[in-house]
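Source file: coords16.cif (mmCIF, C-alpha atoms)
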```
data_entry
loop_
_atom_site.label_atom_id
_atom_site.label_comp_id
_atom_site.auth_asym_id
_atom_site.auth_seq_id
_atom_site.Cartn_x
_atom_site.Cartn_y
_atom_site.Cartn_z
CA MET A 699 58.25 27.97 43.74
CA VAL A 700 55.49 28.76 46.21
CA LEU A 701 55.23 32.25 44.75
CA SER A 702 54.98 30.84 41.19
CA THR A 703 52.15 28.49 42.17
CA ALA A 704 50.26 31.29 43.82
CA LEU A 705 50.67 33.47 40.75
CA TYR A 706 49.45 30.60 38.47
CA PHE A 707 46.20 30.09 40.32
CA SER A 708 45.58 33.79 40.55
CA CYS A 709 45.84 34.08 36.76
CA VAL A 710 43.41 31.24 35.85
CA PRO A 711 40.33 32.97 34.34
CA GLU A 712 36.91 32.34 35.88
CA GLU A 713 34.58 30.26 33.63
CA ASP A 714 31.37 32.11 32.76
CA ASN A 715 28.02 30.24 32.98
CA VAL A 716 26.85 29.87 29.35
CA PHE A 717 23.20 29.34 30.32
CA ASP A 718 21.01 31.68 32.32
CA ASP A 719 19.27 28.82 34.08
CA SER A 720 19.85 25.28 35.28
CA SER A 721 19.47 22.32 32.91
CA ALA A 722 16.43 21.07 34.87
CA ASN A 723 14.68 24.40 34.49
CA ARG A 724 15.55 24.59 30.79
CA ILE A 725 14.03 21.14 30.23
CA ASP A 726 10.88 22.13 32.11
CA THR A 727 10.61 25.26 30.00
CA ALA A 728 11.05 23.32 26.74
CA LEU A 729 8.44 20.76 27.78
CA LYS A 730 5.95 23.48 28.71
CA GLU A 731 6.51 25.46 25.52
CA SER A 732 6.13 22.30 23.38
CA ASN A 733 2.98 21.26 25.19
CA ASP A 734 1.55 24.77 24.79
CA ILE A 735 2.08 24.48 21.03
CA LEU A 736 0.53 21.00 20.83
CA THR A 737 -2.52 21.98 22.84
CA GLY A 738 -2.75 25.40 21.21
CA ALA A 739 -4.00 24.12 17.83
CA ALA A 740 -7.68 24.95 18.24
CA ASN A 741 -8.90 22.26 15.81
CA GLY A 742 -6.06 19.79 16.29
CA TRP A 743 -3.39 18.61 13.88
CA LEU A 744 -3.22 16.66 10.63
CA MET A 745 -0.63 13.95 11.25
CA GLN A 746 0.93 12.26 8.22
CA TYR A 747 2.04 8.97 9.73
CA TYR A 748 4.30 6.30 8.21
CA PRO A 749 4.56 2.90 9.94
CA SER A 750 7.39 0.42 9.21
CA SER A 751 11.03 1.43 8.98
CA THR A 752 10.94 0.58 5.24
CA GLN A 753 7.69 2.53 4.69
CA GLN A 754 6.40 -0.59 2.91
CA TYR A 755 2.78 0.26 3.72
CA GLY A 756 3.08 3.94 2.83
CA GLY A 757 1.51 6.75 4.83
CA TYR A 758 -1.84 7.37 6.52
CA ASN A 759 -3.64 10.52 7.63
CA MET A 760 -4.74 10.93 11.23
CA LEU A 761 -6.33 13.87 13.02
CA VAL A 762 -5.03 14.38 16.56
CA SER A 763 -6.04 16.92 19.19
CA PHE A 764 -4.11 17.36 22.45
CA SER A 765 -5.70 18.70 25.66
CA THR A 766 -4.04 20.35 28.64
CA ASP A 767 -5.08 17.48 30.93
CA GLY A 768 -2.94 14.96 29.06
CA GLU A 769 -5.58 13.50 26.74
CA VAL A 770 -5.29 13.05 22.96
CA THR A 771 -8.26 12.47 20.67
CA VAL A 772 -7.65 10.64 17.38
CA SER A 773 -9.59 10.12 14.15
CA SER A 774 -8.14 8.19 11.25
CA GLU A 775 -8.85 7.33 7.64
CA ILE A 776 -8.39 3.64 8.50
CA ASP A 777 -11.77 3.59 10.29
CA ASP A 778 -15.20 5.19 10.16
CA SER A 779 -14.90 8.93 9.52
CA GLY A 780 -17.16 9.80 12.43
CA LYS A 781 -15.17 7.77 14.94
CA ALA A 782 -12.92 9.54 17.47
CA VAL A 783 -11.03 7.74 20.24
CA THR A 784 -9.49 9.44 23.28
CA SER A 785 -6.48 8.15 25.21
CA MET A 786 -3.50 9.63 27.07
CA TYR A 787 -0.20 11.17 25.94
CA THR A 788 2.93 12.41 27.69
CA LEU A 789 5.82 14.72 26.92
CA LYS A 790 9.12 13.79 28.52
CA GLN A 791 12.85 14.33 28.27
CA SER A 792 14.84 11.31 27.04
CA ALA A 793 17.85 12.29 24.92
CA GLY A 794 15.58 15.00 23.57
CA LEU A 795 11.90 15.85 23.87
CA VAL A 796 9.74 12.74 23.38
CA LEU A 797 6.02 12.65 22.56
CA SER A 798 4.51 9.33 23.73
CA PHE A 799 1.05 7.92 23.02
CA ASN A 800 1.26 5.88 26.19
CA THR A 801 -2.21 4.37 26.66
CA TYR A 802 -3.99 2.13 24.18
CA ASN A 803 -5.92 3.87 21.41
CA THR A 804 -7.60 1.58 18.87
CA LEU A 805 -7.05 4.05 16.03
CA PHE A 806 -3.50 5.15 16.77
CA HIS A 807 -2.23 1.75 17.86
CA PHE A 808 -3.69 0.12 14.74
CA PHE A 809 -0.26 0.72 13.22
CA SER A 810 1.83 -0.55 16.14
CA ASP A 811 -0.25 -3.44 17.47
CA PRO A 812 1.83 -6.65 17.09
CA LYS A 813 -1.36 -8.35 15.92
CA ASN A 814 -2.81 -5.90 13.41
CA PRO A 815 -6.65 -5.82 13.62
CA ALA A 816 -6.90 -6.02 9.81
CA GLY A 817 -4.36 -8.84 9.54
CA ILE A 818 -1.73 -6.63 7.88
CA GLY A 819 1.87 -7.76 8.42
CA THR A 820 2.89 -10.84 10.37
CA ASN A 821 1.73 -11.80 13.86
CA GLY A 822 4.12 -10.42 16.43
CA LYS A 823 4.99 -7.46 14.19
CA GLY A 824 1.89 -6.04 12.54
CA MET A 825 2.64 -2.84 10.63
CA GLU A 826 5.62 -2.10 12.92
CA GLY A 827 4.62 1.48 13.69
CA ASP A 828 5.82 3.83 16.43
CA LEU A 829 4.27 4.88 19.73
CA GLU A 830 6.99 7.33 20.74
CA PHE A 831 8.46 10.16 18.72
CA LEU A 832 11.40 12.51 19.11
CA ILE A 833 10.37 16.11 18.51
CA MET A 834 12.82 17.33 15.88
CA GLU A 835 11.17 20.66 15.14
CA ILE A 836 8.17 22.39 16.68
CA SER A 837 6.32 25.61 15.98
CA LYS A 838 2.73 26.76 15.67
CA GLU A 839 2.97 26.22 11.92
CA LYS A 840 4.52 22.73 11.82
CA VAL A 841 5.78 19.88 13.98
CA ILE A 842 8.36 17.39 12.72
CA LEU A 843 8.60 14.11 14.61
CA GLN A 844 10.92 11.14 14.22
CA GLY A 845 9.77 7.65 15.16
CA ARG A 846 12.02 6.31 17.91
CA LYS A 847 11.88 2.78 16.48
CA THR A 848 11.49 3.32 12.73
CA ARG A 849 13.24 6.72 12.55
CA ASN A 850 10.55 7.73 10.06
CA ARG A 851 9.81 11.40 9.54
CA ILE A 852 6.28 12.25 10.72
CA GLU A 853 4.85 15.67 9.92
CA MET A 854 2.00 17.47 11.69
CA ILE A 855 0.36 20.69 10.51
CA PRO A 856 -2.51 22.50 12.26
CA LEU A 857 -5.94 21.77 10.83
CA ALA A 858 -7.91 24.81 9.71
CA ALA A 859 -10.18 26.09 12.48
CA THR A 860 -13.21 25.81 10.18
CA ALA A 861 -12.52 22.22 9.08
CA ASN A 862 -14.95 19.51 10.15
CA TRP A 863 -13.08 16.32 11.08
CA LYS A 864 -15.62 13.90 9.61
CA GLU A 865 -15.96 15.87 6.39
CA TYR A 866 -12.18 16.10 6.05
CA ILE A 867 -11.69 12.32 6.38
CA ASP A 868 -14.64 11.71 4.03
CA ALA A 869 -12.97 13.97 1.45
CA LEU A 870 -9.74 11.99 1.74
CA ALA A 871 -11.63 8.70 1.29
CA GLU A 872 -13.43 10.06 -1.77
CA ALA A 873 -10.13 11.23 -3.28
CA ASP A 874 -8.48 7.89 -2.51
CA GLU A 875 -11.23 5.97 -4.28
CA LYS A 876 -11.29 8.33 -7.27
CA MET A 877 -7.52 8.29 -7.79
CA ALA A 878 -6.88 4.57 -7.22
CA PHE A 879 -5.46 2.60 -10.13
CA ALA A 880 -4.60 -1.05 -10.71
CA ALA A 881 -1.60 -0.30 -12.93
CA CYS A 882 -0.14 2.67 -14.78
CA LYS A 883 3.14 3.87 -16.25
CA TYR A 884 5.68 6.45 -15.10
CA VAL A 885 7.01 8.75 -17.83
CA ALA A 886 9.79 11.32 -17.34
CA GLY A 887 12.56 12.24 -19.78
CA ASP A 888 13.86 9.05 -21.38
CA VAL A 889 12.45 6.81 -18.62
CA SER A 890 9.22 4.87 -19.02
CA GLY A 891 8.38 2.38 -16.29
CA ASN A 892 5.53 0.12 -15.24
CA VAL A 893 3.86 1.07 -11.96
CA SER A 894 1.98 -1.15 -9.51
CA VAL A 895 0.79 -0.38 -5.98
CA SER A 896 0.81 -2.39 -2.76
CA TYR A 897 -0.93 -0.59 0.08
CA ARG A 898 0.46 2.94 -0.38
CA ASN A 899 3.78 2.10 -1.92
CA MET A 900 4.36 2.34 -5.65
CA SER A 901 6.79 0.01 -7.42
CA ILE A 902 8.22 1.60 -10.58
CA THR A 903 10.06 -0.87 -12.83
CA TYR A 904 12.07 0.42 -15.77
CA GLN A 905 14.98 -0.58 -17.99
CA ASP A 906 18.43 0.85 -17.36
CA GLY A 907 20.43 -0.49 -20.29
CA GLU A 908 20.13 -4.27 -20.04
CA ASN A 909 19.10 -4.16 -16.38
CA SER A 910 15.58 -4.09 -15.00
CA VAL A 911 15.42 -1.70 -12.03
CA THR A 912 12.60 -1.36 -9.49
CA VAL A 913 12.28 1.58 -7.11
CA LYS A 914 9.83 1.76 -4.22
CA VAL A 915 7.94 5.03 -3.75
CA PRO A 916 5.90 5.29 -0.53
CA PHE A 917 3.22 7.99 -0.53
CA ILE A 918 0.27 9.39 1.37
CA VAL A 919 -3.10 10.41 -0.08
CA THR A 920 -4.09 14.08 -0.14
CA GLU A 921 -7.26 15.68 -1.48
CA THR A 922 -5.42 16.54 -4.71
CA GLY A 923 -3.02 13.65 -5.30
CA TYR A 924 -0.19 11.62 -3.82
CA LYS A 925 2.45 13.24 -1.62
CA LEU A 926 5.68 11.23 -1.58
CA TYR A 927 7.57 10.32 1.58
CA GLU A 928 10.77 11.61 0.01
CA PRO A 929 11.54 13.12 -3.40
CA LEU A 930 11.75 10.70 -6.33
CA LYS A 931 14.65 11.45 -8.69
CA LEU A 932 14.08 9.58 -11.93
CA GLY A 933 14.27 10.51 -15.62
CA GLY A 934 15.57 14.00 -14.98
CA ALA A 935 12.62 14.88 -12.73
CA VAL A 936 12.56 15.49 -8.99
CA VAL A 937 9.08 14.58 -7.78
CA ASP A 938 7.75 15.36 -4.31
CA GLU A 939 4.06 15.13 -5.21
CA PHE A 940 1.81 13.86 -8.01
CA ILE A 941 -1.26 16.00 -8.73
CA TYR A 942 -4.30 14.13 -10.09
CA SER A 943 -6.54 15.14 -12.99
CA SER A 944 -9.09 13.20 -15.03
CA SER A 945 -11.02 13.47 -18.25
CA GLY A 946 -13.81 11.01 -19.03
CA SER A 947 -12.52 7.49 -18.40
CA SER A 948 -8.87 8.56 -18.53
CA PHE A 949 -6.60 10.10 -15.89
CA GLU A 950 -3.11 11.34 -15.24
CA PHE A 951 -0.92 12.41 -12.34
CA THR A 952 1.56 15.21 -12.95
CA SER A 953 4.53 16.26 -10.83
CA SER A 954 4.62 19.81 -9.51
CA ASP A 955 7.15 20.86 -12.18
CA GLY A 956 5.31 19.01 -14.97
CA LYS A 957 8.35 16.87 -15.86
CA ALA A 958 6.95 13.52 -14.70
CA LYS A 959 3.59 11.84 -15.20
CA LEU A 960 1.68 8.74 -14.19
CA LEU A 961 -0.48 7.62 -17.12
CA PRO A 962 -3.03 4.81 -17.60
CA VAL A 963 -2.06 1.60 -19.39
CA PRO A 964 -4.24 -0.46 -21.76
CA VAL A 965 -6.60 -3.04 -20.29
CA ASN A 966 -4.59 -6.00 -21.64
CA LYS A 967 -1.48 -4.79 -19.82
CA GLN A 968 -3.51 -4.45 -16.65
CA LEU A 969 -4.67 -8.05 -17.03
CA VAL A 970 -1.16 -9.51 -17.24
CA ALA A 971 0.23 -7.15 -14.57
CA GLY A 972 -2.12 -8.29 -11.80
CA SER A 973 -3.97 -11.25 -10.33
CA TRP A 974 -7.52 -11.75 -11.66
CA TYR A 975 -9.80 -14.29 -9.97
CA PHE A 976 -12.20 -16.81 -11.46
CA THR A 977 -15.72 -17.45 -10.20
CA LEU A 978 -18.07 -20.13 -11.53
CA SER A 979 -21.11 -17.85 -11.66
CA ARG A 980 -19.43 -15.60 -14.25
CA MET A 981 -18.33 -18.43 -16.53
CA GLY A 982 -19.94 -18.49 -20.01
CA SER A 983 -21.89 -21.41 -21.48
CA PHE A 984 -18.76 -22.91 -23.01
CA GLY A 985 -16.69 -23.11 -19.80
CA ALA A 986 -19.40 -23.61 -17.16
CA PRO A 987 -20.05 -27.33 -17.90
CA TYR A 988 -16.35 -28.13 -17.46
CA TRP A 989 -16.22 -26.27 -14.14
CA ASN A 990 -19.43 -27.91 -12.92
CA GLU A 991 -18.16 -31.36 -13.84
CA LEU A 992 -15.01 -30.89 -11.77
CA LYS A 993 -16.97 -29.24 -8.95
CA ALA A 994 -19.06 -32.42 -8.55
CA ALA A 995 -15.97 -34.61 -8.27
CA TYR A 996 -13.57 -32.28 -6.49
CA SER A 997 -14.17 -33.27 -2.88
CA THR A 998 -13.43 -36.91 -3.75
CA LEU A 999 -9.74 -36.02 -4.31
CA THR A 1000 -9.20 -36.02 -0.55
CA ASP A 1001 -11.94 -36.03 2.03
CA GLY A 1002 -13.17 -32.47 2.42
CA GLU A 1003 -10.74 -30.89 -0.08
CA GLN A 1004 -11.93 -27.61 -1.62
CA LEU A 1005 -10.73 -25.29 -4.35
CA TYR A 1006 -9.71 -22.22 -2.35
CA TYR A 1007 -9.03 -19.83 -5.22
CA ALA A 1008 -8.00 -19.74 -8.89
CA TYR A 1009 -6.69 -16.80 -10.88
CA LEU A 1010 -4.72 -15.69 -13.92
CA GLY A 1011 -1.52 -14.04 -12.76
CA THR A 1012 1.86 -14.74 -11.23
CA GLN A 1013 2.62 -17.24 -8.47
CA ALA A 1014 5.45 -19.45 -9.78
CA GLY A 1015 5.56 -17.95 -13.23
CA TYR A 1016 2.60 -16.49 -15.14
CA GLY A 1017 -0.44 -18.66 -15.78
CA PHE A 1018 -3.37 -20.40 -14.16
CA CYS A 1019 -2.62 -20.14 -10.44
CA PHE A 1020 -4.58 -21.88 -7.70
CA ALA A 1021 -4.72 -23.03 -4.11
CA SER A 1022 -6.46 -26.20 -2.96
CA ARG A 1023 -7.39 -26.45 0.70
CA ILE A 1024 -7.54 -29.39 3.07
CA GLY A 1025 -8.37 -28.20 6.57
CA THR A 1026 -5.93 -25.36 7.20
CA THR A 1027 -3.34 -26.60 4.67
CA LEU A 1028 -3.04 -24.94 1.26
CA TYR A 1029 -1.52 -26.61 -1.78
CA LYS A 1030 -0.57 -23.85 -4.22
CA GLY A 1031 0.32 -24.46 -7.85
CA THR A 1032 0.83 -22.80 -11.24
CA ILE A 1033 0.13 -24.13 -14.73
CA ASN A 1034 1.98 -21.79 -17.04
CA TYR A 1035 0.84 -19.82 -20.05
CA ALA A 1036 2.68 -17.63 -22.51
CA TYR A 1037 0.83 -14.50 -23.54
CA GLU A 1038 0.93 -11.99 -26.37
CA LEU A 1039 -0.64 -8.55 -26.16
CA ILE A 1040 -2.47 -7.56 -29.33
CA GLY A 1041 -3.15 -3.86 -29.71
CA GLU A 1042 -4.56 -2.37 -26.52
CA GLY A 1043 -7.64 -4.53 -26.06
CA GLN A 1044 -6.75 -8.13 -26.88
CA VAL A 1045 -4.58 -10.91 -25.47
CA LYS A 1046 -3.54 -14.31 -26.81
CA PHE A 1047 -2.85 -17.12 -24.31
CA THR A 1048 -0.75 -20.11 -25.39
CA TYR A 1049 -0.30 -23.27 -23.34
CA PRO A 1050 3.46 -23.93 -23.15
CA ASP A 1051 3.23 -27.35 -21.40
CA ALA A 1052 4.98 -26.11 -18.24
CA PHE A 1053 3.95 -26.24 -14.60
CA ASP A 1054 5.34 -26.44 -11.08
CA SER A 1055 5.14 -29.66 -9.04
CA ASN A 1056 1.68 -29.03 -7.60
CA GLY A 1057 0.41 -27.78 -10.94
CA GLY A 1058 1.58 -31.00 -12.57
CA TRP A 1059 0.03 -33.16 -9.85
CA TYR A 1060 -3.39 -31.48 -10.11
CA LEU A 1061 -3.30 -31.72 -13.91
CA ARG A 1062 -2.60 -35.45 -13.76
CA ASN A 1063 -4.72 -36.40 -10.77
CA ALA A 1064 -7.44 -33.78 -10.44
CA HIS A 1065 -8.23 -33.04 -14.11
CA PHE A 1066 -7.45 -29.33 -13.80
CA SER A 1067 -7.58 -29.16 -17.59
CA HIS A 1068 -11.34 -28.80 -17.03
CA LEU A 1069 -10.79 -25.53 -15.16
CA MET A 1070 -8.38 -24.28 -17.78
CA LYS A 1071 -10.55 -25.22 -20.79
CA PRO A 1072 -11.91 -21.68 -21.26
CA VAL A 1073 -8.35 -20.27 -21.44
CA SER A 1074 -6.94 -22.89 -23.84
CA GLU A 1075 -6.90 -26.56 -24.65
CA ASN A 1076 -4.49 -28.56 -22.49
CA THR A 1077 -2.07 -29.35 -25.32
CA LYS A 1078 1.26 -27.78 -26.11
CA ASP A 1079 1.01 -24.63 -28.25
CA ALA A 1080 -2.80 -24.55 -28.04
CA SER A 1081 -4.01 -20.96 -27.87
CA ARG A 1082 -7.03 -18.72 -27.68
CA THR A 1083 -7.34 -14.99 -28.40
CA PHE A 1084 -9.64 -12.79 -26.35
CA THR A 1085 -11.08 -9.30 -26.61
CA LEU A 1086 -11.17 -7.53 -23.24
CA THR A 1087 -13.71 -5.17 -21.71
CA THR A 1088 -13.78 -3.65 -18.22
CA ASN A 1089 -15.76 -1.36 -15.96
CA SER A 1090 -12.92 1.18 -15.60
CA MET A 1091 -9.70 1.85 -17.43
CA SER A 1092 -8.09 3.49 -14.42
CA ASN A 1093 -9.19 1.17 -11.62
CA PRO A 1094 -10.94 -1.92 -12.98
CA ALA A 1095 -12.81 -4.16 -10.57
CA TRP A 1096 -13.33 -6.77 -13.29
CA ILE A 1097 -12.19 -7.68 -16.79
CA LYS A 1098 -14.33 -9.73 -19.18
CA LEU A 1099 -12.58 -11.99 -21.69
CA GLN A 1100 -14.47 -12.81 -24.90
CA ASP A 1101 -13.04 -15.52 -27.19
CA VAL A 1102 -12.77 -14.11 -30.72
CA ASP A 1103 -13.44 -17.54 -32.28
CA ILE A 1104 -15.99 -19.11 -29.90
CA PRO A 1105 -18.86 -16.74 -29.02
CA GLU A 1106 -20.02 -18.98 -26.16
CA ASN A 1107 -16.59 -18.82 -24.51
CA ASN A 1108 -16.45 -15.82 -22.24
CA PHE A 1109 -15.72 -15.33 -18.56
CA THR A 1110 -15.25 -12.46 -16.13
CA LEU A 1111 -12.26 -12.20 -13.79
CA TYR A 1112 -12.22 -10.08 -10.63
CA ARG A 1113 -9.39 -8.14 -9.03
CA GLN A 1114 -10.72 -8.82 -5.53
CA VAL A 1115 -9.80 -12.24 -4.21
CA THR A 1116 -12.65 -14.71 -4.70
CA TYR A 1117 -12.41 -17.59 -2.23
CA TYR A 1118 -14.14 -20.91 -2.96
CA PRO A 1119 -14.95 -20.01 -6.59
CA PHE A 1120 -17.16 -23.11 -7.06
CA THR A 1121 -19.66 -21.49 -4.67
CA LYS A 1122 -19.56 -17.94 -6.04
#
```
In C-alpha cells, what does this structure look like?
Amino acid sequence: MVLSTALYFSCVPEEDNVFDDSSANRIDTALKESNDILTGAANGWLMQYYPSSTQQYGGYNMLVSFSTDGEVTVSSEIDDSGKAVTSMYTLKQSAGLVLSFNTYNTLFHFFSDPKNPAGIGTNGKGMEGDLEFLIMEISKEKVILQGRKTRNRIEMIPLAATANWKEYIDALAEADEKMAFAACKYVAGDVSGNVSVSYRNMSITYQDGENSVTVKVPFIVTETGYKLYEPLKLGGAVVDEFIYSSSGSSFEFTSSDGKAKLLPVPVNKQLVAGSWYFTLSRMGSFGAPYWNELKAAYSTLTDGEQLYYAYLGTQAGYGFCFASRIGTTLYKGTINYAYELIGEGQVKFTYPDAFDSNGGWYLRNAHFSHLMKPVSENTKDASRTFTLTTNSMSNPAWIKLQDVDIPENNFTLYRQVTYYPFTK
C-alpha cells in the first residue's frame, strides 16, 4: 500500500503556469497600455455619450483629451463651443479596467449631476448619466466603454489632428439646428408612422393591424444626420443612421441602404401633433378684445391668480389647454375640441362640449369662453375653419391661423412655451 501511494504521487503531472507573469503585473501592464492609448490621441477623442439607462434623452457629443498627469479636458455641445473644462481622471482595476471621471467637471457631470443645471429630469436624479465606465474594447482606432450604472454603450474615436475643437462643435450645432424638425413621418416598406422628438429620442407611431405601436429611437447628431444608438428594424429596413438632405423648404432623411426615409408632414398635421402657445400680442382684432376683457378681470378670481400658459394641444385630451397659477400652485385644465384636417393647409375645429374638471370650473367661473372665442363659439358643434401659414415646413417656430370666414379673426401660436400670455 505504501508503494502504491508513492507511485501515485510520482505519476501526478506538474501543472504548467499558463501566464508568463503574475496577475498584478498583468493588470499593471493593461492599465499602462490603456492609458498610453488614451493619452496618445494627439487631438483628443470624440465621445458619443448616452445618459440614462433607457436612453430617453438620446446622445450627446463631447470632446475629451487625456494627459499623462491624470488630467482630462472636456468640451461639449451642451455649452459654449469655446469652453473647455479640465478635471481629473483615473484608470483602475475593478472587475475589469475602469475609466473614472473622478473630480467634478461642469461639462462632463452635466449628465450625472442629481440636480441637472438645465432642470432636465427630476431632482435627485437629473439625466442619470455615468461617471465610471468599463473599458470593453480599446485600440488607437476606437474605444468602446460601458457605463457602470446605465450599462450604455459609449463610443470614442480619435479626433482628426487638424480638427479645431471650437469649429467642430460649432459645425455640430449648425447641423443640429438645420436638421431639427417638429414632426415628420417614417416610411419604409409597408410601414408609415408619425414621428415626434423629445430631446434626442424619436417616437415612431404606426399601425400594426388594429394595434397602434410606438417605438423609441434614441440618436446622436452628426454633421451629416442622425446616428442611432442601435439599429432600427422596421418596415423591412435595418437603419443605423439617417442621412439628411434638403431642397428649398423641404427635407428628407434617408437610411444608408435607401430603404427608409423620414419625410416632412403638412403644416396642419404639425399643428395637431404638438403644443402651440397663445400670446395676447399676436391675437387679431377679433380675438384681442375678448382676451383683454378677461385679462382685466382675471386676478379677481383669487387674489394674485395669473394665467400661466394656454395652448392648443394635448393635456387631458386634445383642445384648449391651460394652467392657472396661484403662488407656486398650478391648476391645469383642458377644454376639448374635435378637429378635421382639410387638405394640407387647413384645419377645422369643432367644440364638442367636453372638458376635464378644471376646464369645466374655469368655463363656468372664469369665463374662459372669452379666451376660446377665436377658436370657436362656446356652444356644442360650433366650428371654425382656418388656413395655416408658418415660417418653416420642417421646423416651424410659429403657425398663423386665419379664419376663412372672418378676416379679422387670426392669431399666431408659438412652439416655444409662452408663460404669462397676457403680458406677452
### Task
Could you state which residues are captured by the PyMOL selection byres ((chain A and resi 931) around 12) in this file, as a PyMOL selection string?
chain A and resi 886-887+889+902+913-915+926+928-930+932-939+953+957-958
Taking a cut-off of 12 Å and counting only C-alpha atoms, can you build a table that, for each residue of stretch 992-1040 of chain A near stretch 1075-1097 of chain A, reports the nearest atom pair and how far apart they are in Å (one decimal), sorted by chain then residue number, as a tab-separated table?
```
residue	atom	partner	partner_atom	distance
A:Leu1010	CA	A:Ile1097	CA	11.3
A:Phe1018	CA	A:Asn1076	CA	11.7
A:Ile1033	CA	A:Asn1076	CA	10.1
A:Asn1034	CA	A:Asn1076	CA	10.8
A:Tyr1035	CA	A:Ser1081	CA	9.3
A:Ala1036	CA	A:Ser1081	CA	9.2
A:Tyr1037	CA	A:Ser1081	CA	9.2
A:Glu1038	CA	A:Thr1083	CA	9.0
A:Leu1039	CA	A:Thr1083	CA	9.6
A:Ile1040	CA	A:Thr1083	CA	8.9
```
### Query
If you measure from atom CA of A:Phe806 to atom CA of A:Val772, what distance in Å do you get, rounded to one decimal?
6.9 Å
### Query
With only C-alpha atoms as the basis for distance, which of A:Gly1057, A:Gly982, A:Gly738, A:Gly757 is at the shortest distance from A:Asn899?
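Closest to A:Asn899, using only C-alpha atoms: A:Gly757.
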#### Entry: Proximity to A:Phe1109 - best of A:Ser1022, A:Asn803, A:Thr977, A:Asn814, all atoms listed in the file
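Nearest candidate to A:Phe1109 out of A:Ser1022, A:Asn803, A:Thr977, A:Asn814: A:Thr977.
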#### Entry: Selection under test: the PyMOL selection byres ((chain A and resi 864) around 9); residues as a VMD selection string
chain A and resid 773 778 to 781 861 to 863 865 to 869
### Query
Mind pulling up the distance from atom CA of A:Ile776 to atom CA of A:Pro815?
10.9 Å
### Query
Using the chain letters and numbers from the file, which residues does the PyMOL selection byres ((chain A and resi 1016) around 12) grab, as a VMD selection string?
chain A and resid 969 to 974 1009 to 1015 1017 to 1020 1031 to 1037 1047 to 1050 1052 to 1054
### Query
If you measure from atom CA of A:Gly956 to atom CA of A:Ser943, what distance in Å do you get, rounded to one decimal?
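Separating atom CA of A:Gly956 from atom CA of A:Ser943 is a distance of 12.6 Å.
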#### Entry: 12 Å contact set for A:Ala728, all atoms listed in the file, chain neighbours under 3 positions out, as a list of chain:residue names
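In the requested format, the answer is A:Ser721, A:Ala722, A:Asn723, A:Arg724, A:Ile725, A:Glu731, A:Ser732, A:Asn733, A:Asp734, A:Ile735, A:Leu789, A:Lys790, A:Gln791, A:Gly794, A:Leu795, A:Val796, A:Ile833, A:Glu835, A:Ile836, A:Ser837.
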### Neighbour list for stretch 838-851 of chain A as a ChimeraX atom specification, cut-off 12 Å, all atoms listed in the file, skip fewer than 6 positions in-chain
/A:731-740,742-754,756-757,792-799,810,825-832,857-858,916,926-928
Since fewer atoms than expected are present, regenerate N, CA and C atoms for stretch 992-1005 of chain A and write them as a CSV table (one decimal), keeping the file's coordinate frame.
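Full text of rebuild-v5.csv as output:
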```
chain,number,residue,atom,x,y,z
A,992,LEU,N,-16.1,-30.7,-12.8
A,992,LEU,CA,-15.0,-30.9,-11.8
A,992,LEU,C,-15.5,-30.6,-10.4
A,993,LYS,N,-16.4,-29.6,-10.3
A,993,LYS,CA,-17.0,-29.2,-9.0
A,993,LYS,C,-17.6,-30.5,-8.3
A,994,ALA,N,-18.4,-31.3,-9.1
A,994,ALA,CA,-19.1,-32.4,-8.6
A,994,ALA,C,-18.1,-33.5,-8.0
A,995,ALA,N,-16.9,-33.6,-8.6
A,995,ALA,CA,-16.0,-34.6,-8.3
A,995,ALA,C,-14.8,-34.1,-7.4
A,996,TYR,N,-14.8,-32.8,-7.1
A,996,TYR,CA,-13.6,-32.3,-6.5
A,996,TYR,C,-13.3,-32.8,-5.1
A,997,SER,N,-14.4,-32.9,-4.3
A,997,SER,CA,-14.2,-33.3,-2.9
A,997,SER,C,-13.8,-34.7,-2.7
A,998,THR,N,-13.9,-35.5,-3.8
A,998,THR,CA,-13.4,-36.9,-3.8
A,998,THR,C,-11.9,-37.1,-3.9
A,999,LEU,N,-11.2,-36.0,-4.2
A,999,LEU,CA,-9.7,-36.0,-4.3
A,999,LEU,C,-9.2,-36.5,-3.0
A,1000,THR,N,-9.5,-35.7,-1.9
A,1000,THR,CA,-9.2,-36.0,-0.6
A,1000,THR,C,-10.4,-35.6,0.3
A,1001,ASP,N,-10.7,-36.3,1.3
A,1001,ASP,CA,-11.9,-36.0,2.0
A,1001,ASP,C,-12.0,-34.6,2.5
A,1002,GLY,N,-13.0,-33.9,2.0
A,1002,GLY,CA,-13.2,-32.5,2.4
A,1002,GLY,C,-12.3,-31.4,1.7
A,1003,GLU,N,-11.6,-31.9,0.7
A,1003,GLU,CA,-10.7,-30.9,-0.1
A,1003,GLU,C,-11.6,-29.9,-0.9
A,1004,GLN,N,-11.2,-28.6,-0.9
A,1004,GLN,CA,-11.9,-27.6,-1.6
A,1004,GLN,C,-11.0,-26.8,-2.4
A,1005,LEU,N,-11.5,-26.3,-3.6
A,1005,LEU,CA,-10.7,-25.3,-4.4
A,1005,LEU,C,-10.8,-23.9,-3.6
```
